[in-house]
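my_file.pdb, holding PDB, N, CA and C atoms:
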ATOM      1  N   MET L   1     114.248 109.719 101.311
ATOM      2  CA  MET L   1     114.168 108.964 102.549
ATOM      3  C   MET L   1     115.087 107.740 102.424
ATOM      4  N   ASP L   2     115.963 107.550 103.417
ATOM      5  CA  ASP L   2     116.861 106.394 103.365
ATOM      6  C   ASP L   2     116.282 105.220 104.134
ATOM      7  N   ALA L   3     116.972 104.083 104.060
ATOM      8  CA  ALA L   3     116.486 102.835 104.662
ATOM      9  C   ALA L   3     116.399 102.906 106.182
ATOM     10  N   ARG L   4     117.008 103.920 106.795
ATOM     11  CA  ARG L   4     116.996 104.040 108.257
ATOM     12  C   ARG L   4     115.975 105.062 108.752
ATOM     13  N   SER L   5     115.231 105.689 107.864
ATOM     14  CA  SER L   5     114.221 106.663 108.269
ATOM     15  C   SER L   5     113.008 105.940 108.844
ATOM     16  N   ILE L   6     112.538 106.423 109.992
ATOM     17  CA  ILE L   6     111.358 105.829 110.625
ATOM     18  C   ILE L   6     110.112 106.240 109.843
ATOM     19  N   LEU L   7     109.259 105.241 109.573
ATOM     20  CA  LEU L   7     108.034 105.453 108.812
ATOM     21  C   LEU L   7     106.820 105.399 109.731
ATOM     22  N   SER L   8     105.899 106.307 109.533
ATOM     23  CA  SER L   8     104.661 106.340 110.316
ATOM     24  C   SER L   8     103.667 105.332 109.743
ATOM     25  N   PRO L   9     102.619 105.024 110.502
ATOM     26  CA  PRO L   9     101.575 104.155 109.954
ATOM     27  C   PRO L   9     100.991 104.690 108.643
ATOM     28  N   THR L  10     100.831 105.989 108.535
ATOM     29  CA  THR L  10     100.303 106.582 107.311
ATOM     30  C   THR L  10     101.257 106.338 106.137
ATOM     31  N   GLU L  11     102.550 106.428 106.394
ATOM     32  CA  GLU L  11     103.539 106.251 105.331
ATOM     33  C   GLU L  11     103.661 104.801 104.870
ATOM     34  N   THR L  12     103.265 103.854 105.686
ATOM     35  CA  THR L  12     103.378 102.442 105.309
ATOM     36  C   THR L  12     102.059 101.837 104.844
ATOM     37  N   GLU L  13     100.972 102.545 105.043
ATOM     38  CA  GLU L  13      99.642 101.987 104.775
ATOM     39  C   GLU L  13      99.489 101.468 103.346
ATOM     40  N   ALA L  14      99.840 102.257 102.353
ATOM     41  CA  ALA L  14      99.656 101.852 100.960
ATOM     42  C   ALA L  14     100.538 100.653 100.612
ATOM     43  N   SER L  15     101.781 100.676 101.053
ATOM     44  CA  SER L  15     102.707  99.571 100.760
ATOM     45  C   SER L  15     102.252  98.263 101.383
ATOM     46  N   LEU L  16     101.630  98.337 102.544
ATOM     47  CA  LEU L  16     101.240  97.135 103.275
ATOM     48  C   LEU L  16      99.834  96.646 102.949
ATOM     49  N   GLU L  17      99.097  97.405 102.163
ATOM     50  CA  GLU L  17      97.714  97.022 101.861
ATOM     51  C   GLU L  17      97.659  95.608 101.283
ATOM     52  N   GLY L  18      96.842  94.780 101.897
ATOM     53  CA  GLY L  18      96.677  93.407 101.449
ATOM     54  C   GLY L  18      97.794  92.461 101.849
ATOM     55  N   SER L  19      98.763  92.942 102.618
ATOM     56  CA  SER L  19      99.927  92.124 102.983
ATOM     57  C   SER L  19      99.689  91.260 104.214
ATOM     58  N   GLY L  20      98.679  91.638 105.001
ATOM     59  CA  GLY L  20      98.483  90.953 106.274
ATOM     60  C   GLY L  20      99.244  91.614 107.414
ATOM     61  N   PHE L  21      99.990  92.670 107.115
ATOM     62  CA  PHE L  21     100.744  93.405 108.131
ATOM     63  C   PHE L  21     100.130  94.775 108.352
ATOM     64  N   ARG L  22     100.310  95.289 109.577
ATOM     65  CA  ARG L  22      99.909  96.660 109.888
ATOM     66  C   ARG L  22     100.989  97.280 110.763
ATOM     67  N   ASN L  23     101.077  98.578 110.708
ATOM     68  CA  ASN L  23     102.062  99.327 111.475
ATOM     69  C   ASN L  23     101.414  99.712 112.802
ATOM     70  N   SER L  24     101.934  99.155 113.895
ATOM     71  CA  SER L  24     101.340  99.370 115.205
ATOM     72  C   SER L  24     102.434  99.495 116.262
ATOM     73  N   GLN L  25     102.474 100.612 116.935
ATOM     74  CA  GLN L  25     103.382 100.830 118.063
ATOM     75  C   GLN L  25     104.831 100.524 117.711
ATOM     76  N   ASN L  26     105.312 101.151 116.646
ATOM     77  CA  ASN L  26     106.703 101.036 116.204
ATOM     78  C   ASN L  26     107.095  99.646 115.719
ATOM     79  N   HIS L  27     106.103  98.845 115.330
ATOM     80  CA  HIS L  27     106.340  97.509 114.768
ATOM     81  C   HIS L  27     105.395  97.290 113.598
ATOM     82  N   LEU L  28     105.824  96.456 112.668
ATOM     83  CA  LEU L  28     104.886  95.883 111.721
ATOM     84  C   LEU L  28     104.495  94.544 112.298
ATOM     85  N   VAL L  29     103.211  94.304 112.416
ATOM     86  CA  VAL L  29     102.732  93.046 112.977
ATOM     87  C   VAL L  29     101.836  92.353 111.958
ATOM     88  N   GLY L  30     102.004  91.039 111.892
ATOM     89  CA  GLY L  30     101.199  90.254 110.976
ATOM     90  C   GLY L  30     101.041  88.844 111.515
ATOM     91  N   ALA L  31      99.901  88.245 111.254
ATOM     92  CA  ALA L  31      99.620  86.875 111.689
ATOM     93  C   ALA L  31      99.118  86.092 110.488
ATOM     94  N   PHE L  32      99.510  84.838 110.426
ATOM     95  CA  PHE L  32      99.136  83.973 109.316
ATOM     96  C   PHE L  32      98.682  82.626 109.846
ATOM     97  N   THR L  33      97.718  82.045 109.139
ATOM     98  CA  THR L  33      97.200  80.727 109.469
ATOM     99  C   THR L  33      97.746  79.728 108.455
ATOM    100  N   THR L  34      98.163  78.575 108.957
ATOM    101  CA  THR L  34      98.657  77.498 108.113
ATOM    102  C   THR L  34      97.831  76.251 108.390
ATOM    103  N   ALA L  35      98.068  75.210 107.618
ATOM    104  CA  ALA L  35      97.269  73.987 107.738
ATOM    105  C   ALA L  35      97.503  73.243 109.041
ATOM    106  N   ASP L  36      98.727  73.297 109.562
ATOM    107  CA  ASP L  36      99.070  72.534 110.758
ATOM    108  C   ASP L  36     100.399  73.038 111.317
ATOM    109  N   PHE L  37     100.894  72.365 112.336
ATOM    110  CA  PHE L  37     102.136  72.807 112.969
ATOM    111  C   PHE L  37     103.317  72.674 112.014
ATOM    112  N   ARG L  38     103.419  71.553 111.319
ATOM    113  CA  ARG L  38     104.548  71.336 110.401
ATOM    114  C   ARG L  38     104.604  72.420 109.334
ATOM    115  N   SER L  39     103.467  72.792 108.764
ATOM    116  CA  SER L  39     103.469  73.836 107.737
ATOM    117  C   SER L  39     103.823  75.203 108.341
ATOM    118  N   ALA L  40     103.450  75.432 109.576
ATOM    119  CA  ALA L  40     103.843  76.674 110.255
ATOM    120  C   ALA L  40     105.358  76.722 110.435
ATOM    121  N   VAL L  41     105.948  75.595 110.814
ATOM    122  CA  VAL L  41     107.404  75.520 110.978
ATOM    123  C   VAL L  41     108.094  75.727 109.629
ATOM    124  N   GLN L  42     107.576  75.127 108.573
ATOM    125  CA  GLN L  42     108.152  75.309 107.235
ATOM    126  C   GLN L  42     108.091  76.775 106.816
ATOM    127  N   PHE L  43     107.007  77.444 107.142
ATOM    128  CA  PHE L  43     106.856  78.870 106.851
ATOM    129  C   PHE L  43     107.945  79.660 107.571
ATOM    130  N   VAL L  44     108.101  79.415 108.855
ATOM    131  CA  VAL L  44     109.121  80.127 109.636
ATOM    132  C   VAL L  44     110.512  79.829 109.080
ATOM    133  N   ASP L  45     110.754  78.591 108.683
ATOM    134  CA  ASP L  45     112.052  78.210 108.129
ATOM    135  C   ASP L  45     112.352  78.997 106.852
ATOM    136  N   ARG L  46     111.369  79.141 105.993
ATOM    137  CA  ARG L  46     111.561  79.913 104.755
ATOM    138  C   ARG L  46     111.797  81.391 105.067
ATOM    139  N   VAL L  47     111.066  81.918 106.046
ATOM    140  CA  VAL L  47     111.269  83.317 106.444
ATOM    141  C   VAL L  47     112.671  83.493 107.024
ATOM    142  N   ALA L  48     113.163  82.512 107.759
ATOM    143  CA  ALA L  48     114.513  82.591 108.327
ATOM    144  C   ALA L  48     115.561  82.741 107.230
ATOM    145  N   ASP L  49     115.386  82.029 106.124
ATOM    146  CA  ASP L  49     116.333  82.151 105.007
ATOM    147  C   ASP L  49     116.354  83.574 104.462
ATOM    148  N   VAL L  50     115.178  84.162 104.276
ATOM    149  CA  VAL L  50     115.087  85.528 103.759
ATOM    150  C   VAL L  50     115.640  86.521 104.780
ATOM    151  N   ALA L  51     115.319  86.325 106.050
ATOM    152  CA  ALA L  51     115.812  87.224 107.097
ATOM    153  C   ALA L  51     117.340  87.216 107.145
ATOM    154  N   ASP L  52     117.931  86.038 107.004
ATOM    155  CA  ASP L  52     119.394  85.965 106.972
ATOM    156  C   ASP L  52     119.945  86.671 105.735
ATOM    157  N   GLU L  53     119.285  86.465 104.599
ATOM    158  CA  GLU L  53     119.698  87.117 103.352
ATOM    159  C   GLU L  53     119.691  88.634 103.504
ATOM    160  N   LEU L  54     118.653  89.164 104.154
ATOM    161  CA  LEU L  54     118.508  90.606 104.338
ATOM    162  C   LEU L  54     119.235  91.132 105.578
ATOM    163  N   ASN L  55     119.725  90.211 106.410
ATOM    164  CA  ASN L  55     120.320  90.570 107.704
ATOM    165  C   ASN L  55     119.364  91.456 108.507
ATOM    166  N   HIS L  56     118.103  91.024 108.518
ATOM    167  CA  HIS L  56     117.057  91.758 109.233
ATOM    168  C   HIS L  56     116.051  90.712 109.719
ATOM    169  N   HIS L  57     115.948  90.530 111.019
ATOM    170  CA  HIS L  57     115.263  89.372 111.593
ATOM    171  C   HIS L  57     114.025  89.763 112.401
ATOM    172  N   PRO L  58     112.908  89.095 112.116
ATOM    173  CA  PRO L  58     111.675  89.384 112.847
ATOM    174  C   PRO L  58     111.615  88.630 114.174
ATOM    175  N   ASP L  59     110.779  89.114 115.057
ATOM    176  CA  ASP L  59     110.380  88.317 116.218
ATOM    177  C   ASP L  59     109.246  87.428 115.738
ATOM    178  N   VAL L  60     109.258  86.170 116.174
ATOM    179  CA  VAL L  60     108.303  85.185 115.671
ATOM    180  C   VAL L  60     107.636  84.480 116.841
ATOM    181  N   ARG L  61     106.330  84.284 116.698
ATOM    182  CA  ARG L  61     105.575  83.463 117.647
ATOM    183  C   ARG L  61     104.938  82.339 116.832
ATOM    184  N   LEU L  62     105.256  81.118 117.198
ATOM    185  CA  LEU L  62     104.859  79.945 116.431
ATOM    186  C   LEU L  62     103.917  79.080 117.246
ATOM    187  N   GLY L  63     102.849  78.625 116.624
ATOM    188  CA  GLY L  63     101.912  77.718 117.273
ATOM    189  C   GLY L  63     101.329  76.763 116.255
ATOM    190  N   TRP L  64     100.420  75.917 116.682
ATOM    191  CA  TRP L  64      99.801  74.968 115.780
ATOM    192  C   TRP L  64      98.986  75.716 114.740
ATOM    193  N   GLY L  65      99.446  75.682 113.481
ATOM    194  CA  GLY L  65      98.720  76.317 112.396
ATOM    195  C   GLY L  65      98.661  77.826 112.457
ATOM    196  N   HIS L  66      99.609  78.440 113.168
ATOM    197  CA  HIS L  66      99.553  79.889 113.344
ATOM    198  C   HIS L  66     100.971  80.438 113.536
ATOM    199  N   VAL L  67     101.283  81.515 112.825
ATOM    200  CA  VAL L  67     102.573  82.194 112.978
ATOM    201  C   VAL L  67     102.305  83.691 113.058
ATOM    202  N   GLU L  68     102.928  84.330 114.037
ATOM    203  CA  GLU L  68     102.837  85.787 114.179
ATOM    204  C   GLU L  68     104.233  86.373 114.038
ATOM    205  N   PHE L  69     104.316  87.496 113.335
ATOM    206  CA  PHE L  69     105.581  88.190 113.132
ATOM    207  C   PHE L  69     105.484  89.606 113.668
ATOM    208  N   ALA L  70     106.574  90.082 114.253
ATOM    209  CA  ALA L  70     106.711  91.481 114.641
ATOM    210  C   ALA L  70     108.047  91.963 114.078
ATOM    211  N   LEU L  71     107.994  93.011 113.291
ATOM    212  CA  LEU L  71     109.181  93.542 112.632
ATOM    213  C   LEU L  71     109.406  94.969 113.089
ATOM    214  N   THR L  72     110.632  95.267 113.445
ATOM    215  CA  THR L  72     111.019  96.631 113.778
ATOM    216  C   THR L  72     112.516  96.766 113.532
ATOM    217  N   SER L  73     112.954  97.966 113.303
ATOM    218  CA  SER L  73     114.377  98.240 113.151
ATOM    219  C   SER L  73     114.891  98.736 114.498
ATOM    220  N   HIS L  74     115.428  97.810 115.272
ATOM    221  CA  HIS L  74     115.866  98.128 116.638
ATOM    222  C   HIS L  74     116.916  99.231 116.660
ATOM    223  N   ASP L  75     117.744  99.293 115.627
ATOM    224  CA  ASP L  75     118.828 100.274 115.621
ATOM    225  C   ASP L  75     118.327 101.712 115.536
ATOM    226  N   VAL L  76     117.101 101.920 115.043
ATOM    227  CA  VAL L  76     116.552 103.279 114.971
ATOM    228  C   VAL L  76     115.276 103.439 115.792
ATOM    229  N   GLY L  77     114.785 102.355 116.369
ATOM    230  CA  GLY L  77     113.641 102.438 117.268
ATOM    231  C   GLY L  77     112.301 102.599 116.596
ATOM    232  N   GLY L  78     112.128 101.995 115.425
ATOM    233  CA  GLY L  78     110.839 102.094 114.757
ATOM    234  C   GLY L  78     110.824 101.327 113.453
ATOM    235  N   VAL L  79     109.775 101.549 112.692
ATOM    236  CA  VAL L  79     109.577 100.876 111.415
ATOM    237  C   VAL L  79     110.312 101.640 110.315
ATOM    238  N   THR L  80     111.070 100.898 109.515
ATOM    239  CA  THR L  80     111.775 101.488 108.381
ATOM    240  C   THR L  80     111.404 100.734 107.106
ATOM    241  N   GLN L  81     111.951 101.191 105.996
ATOM    242  CA  GLN L  81     111.711 100.516 104.721
ATOM    243  C   GLN L  81     112.199  99.071 104.768
ATOM    244  N   ARG L  82     113.223  98.793 105.567
ATOM    245  CA  ARG L  82     113.698  97.415 105.713
ATOM    246  C   ARG L  82     112.591  96.514 106.241
ATOM    247  N   ASP L  83     111.790  97.022 107.176
ATOM    248  CA  ASP L  83     110.680  96.240 107.734
ATOM    249  C   ASP L  83     109.586  96.021 106.693
ATOM    250  N   VAL L  84     109.281  97.064 105.940
ATOM    251  CA  VAL L  84     108.273  96.945 104.890
ATOM    252  C   VAL L  84     108.729  95.910 103.860
ATOM    253  N   ASP L  85     109.986  95.983 103.453
ATOM    254  CA  ASP L  85     110.509  95.032 102.472
ATOM    255  C   ASP L  85     110.417  93.600 102.995
ATOM    256  N   LEU L  86     110.774  93.391 104.245
ATOM    257  CA  LEU L  86     110.702  92.050 104.828
ATOM    258  C   LEU L  86     109.249  91.590 104.933
ATOM    259  N   ALA L  87     108.360  92.474 105.327
ATOM    260  CA  ALA L  87     106.932  92.111 105.420
ATOM    261  C   ALA L  87     106.406  91.643 104.068
ATOM    262  N   LEU L  88     106.779  92.333 103.009
ATOM    263  CA  LEU L  88     106.304  91.957 101.678
ATOM    264  C   LEU L  88     106.916  90.630 101.230
ATOM    265  N   ARG L  89     108.158  90.379 101.614
ATOM    266  CA  ARG L  89     108.774  89.077 101.303
ATOM    267  C   ARG L  89     108.080  87.969 102.088
ATOM    268  N   ILE L  90     107.732  88.240 103.341
ATOM    269  CA  ILE L  90     107.014  87.246 104.154
ATOM    270  C   ILE L  90     105.669  86.936 103.508
ATOM    271  N   ARG L  91     104.969  87.957 103.055
ATOM    272  CA  ARG L  91     103.671  87.720 102.413
ATOM    273  C   ARG L  91     103.836  86.879 101.154
ATOM    274  N   ALA L  92     104.897  87.115 100.385
ATOM    275  CA  ALA L  92     105.130  86.330  99.177
ATOM    276  C   ALA L  92     105.363  84.856  99.532
ATOM    277  N   ILE L  93     106.097  84.599 100.607
ATOM    278  CA  ILE L  93     106.325  83.237 101.072
ATOM    279  C   ILE L  93     104.997  82.618 101.521
ATOM    280  N   ALA L  94     104.212  83.393 102.246
ATOM    281  CA  ALA L  94     102.897  82.911 102.687
ATOM    282  C   ALA L  94     102.067  82.483 101.494
ATOM    283  N   ASP L  95     102.055  83.299 100.455
ATOM    284  CA  ASP L  95     101.276  82.972  99.262
ATOM    285  C   ASP L  95     101.774  81.682  98.619
ATOM    286  N   GLU L  96     103.088  81.518  98.535
ATOM    287  CA  GLU L  96     103.668  80.312  97.945
ATOM    288  C   GLU L  96     103.274  79.058  98.723
ATOM    289  N   LEU L  97     103.207  79.193 100.051
ATOM    290  CA  LEU L  97     102.946  78.034 100.917
ATOM    291  C   LEU L  97     101.469  77.846 101.258
ATOM    292  N   GLY L  98     100.628  78.754 100.830
ATOM    293  CA  GLY L  98      99.201  78.629 101.125
ATOM    294  C   GLY L  98      98.808  79.102 102.503
ATOM    295  N   ALA L  99      99.681  79.880 103.162
ATOM    296  CA  ALA L  99      99.335  80.475 104.456
ATOM    297  C   ALA L  99      98.482  81.711 104.200
ATOM    298  N   THR L 100      97.512  81.954 105.052
ATOM    299  CA  THR L 100      96.611  83.090 104.858
ATOM    300  C   THR L 100      96.700  84.064 106.027
ATOM    301  N   PRO L 101      96.577  85.359 105.744
ATOM    302  CA  PRO L 101      96.585  86.344 106.820
ATOM    303  C   PRO L 101      95.400  86.090 107.753
ATOM    304  N   GLY L 102      95.665  86.325 109.029
ATOM    305  CA  GLY L 102      94.564  86.211 109.985
ATOM    306  C   GLY L 102      94.864  85.528 111.230
TER     307      GLY L 102
END
structure tokens encoding of this file:
Amino acid sequence: MDARSILSPTETEASLEGSGFRNSQNHLVGAFTTADFRSAVQFVDRVADVADELNHHPDVRLGWGHVEFALTSHDVGGVTQRDVDLALRIRAIADELGATPG
């Protein structure tokens, strides 16, 4: 399977376990809670660095103490390994910054 192959929810379930992300309607979606607005912005800023590094960018919804991500590979119309990899990097950043899934 190459990086452009679309993955089903069943195919991503094990990789995403405990990540805070789930495969839903051709997207990986995840939400995280932070201490306040500034920490939410810092979280998004760190994710932006990784997204640029990977040249793969999530949709982001930012609020006070809350960040939501939606990841999909627009070029193939679904979830690919690139999305899973980015989701796991986002979770690692969340752990570093003390953001929690939810």
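You can rank L:Ile6, L:Leu62, L:Val79, L:Ile93 by their closest distance to Arg46 of chain L using all atoms listed in the file, and at the top of that list sits L:Ile93.
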| message | Here is a test: counting only C-alpha atoms, which residue of L:Arg4, L:Glu13, L:Asp59, L:Gln42 is nearest to Val76 of chain L? | response | L:Arg4
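With distances restricted to only C-alpha atoms, L:His74 is the closest residue to His56 of chain L from L:His74, L:Arg22, L:Arg38, L:Arg91.
Between atom CA of Val60 of chain L and atom CA of Ser15 of chain L the interatomic distance comes to 21.5 Å.
For the pair atom CA of Asn26 of chain L and atom CA of Ala70 of chain L, the separation is 9.7 Å.
You will find atom CA of Thr33 of chain L at 29.7 Å from atom CA of Ala3 of chain L.
Within chain L, residues classed as strand (DSSP E) by DSSP on backbone coordinates are Phe21, Arg22, Asn23, Ser24, His27, Leu28, Val29, Gly30, Ala31, Phe32, Thr33, Asp59, Val60, Arg61, Leu62, Gly63, His66, Val67, Glu68, Phe69, Ala70, Leu71, Thr100 and Pro101 of chain L.
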| Contact residues around Gly20 of chain L with all atoms listed in the file at 6 Å, ignoring same-chain residues under 5 positions, as number ranges by chain | L: 29-31, 101
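For the residues L:Gly18, L:Ser24, L:Val67, L:Leu86, ranking by smallest atom-to-atom distance to Val41 of chain L using only N, CA and C atoms places L:Val67 first.
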| task | Carefully work through the PyMOL selection byres ((chain L and resi 65) around 7) for this structure and note down the residues it includes, as JSON, numbers by chain. | result | {"L": [32, 33, 34, 35, 36, 37, 38, 39, 40, 62, 63, 64, 66, 67]}
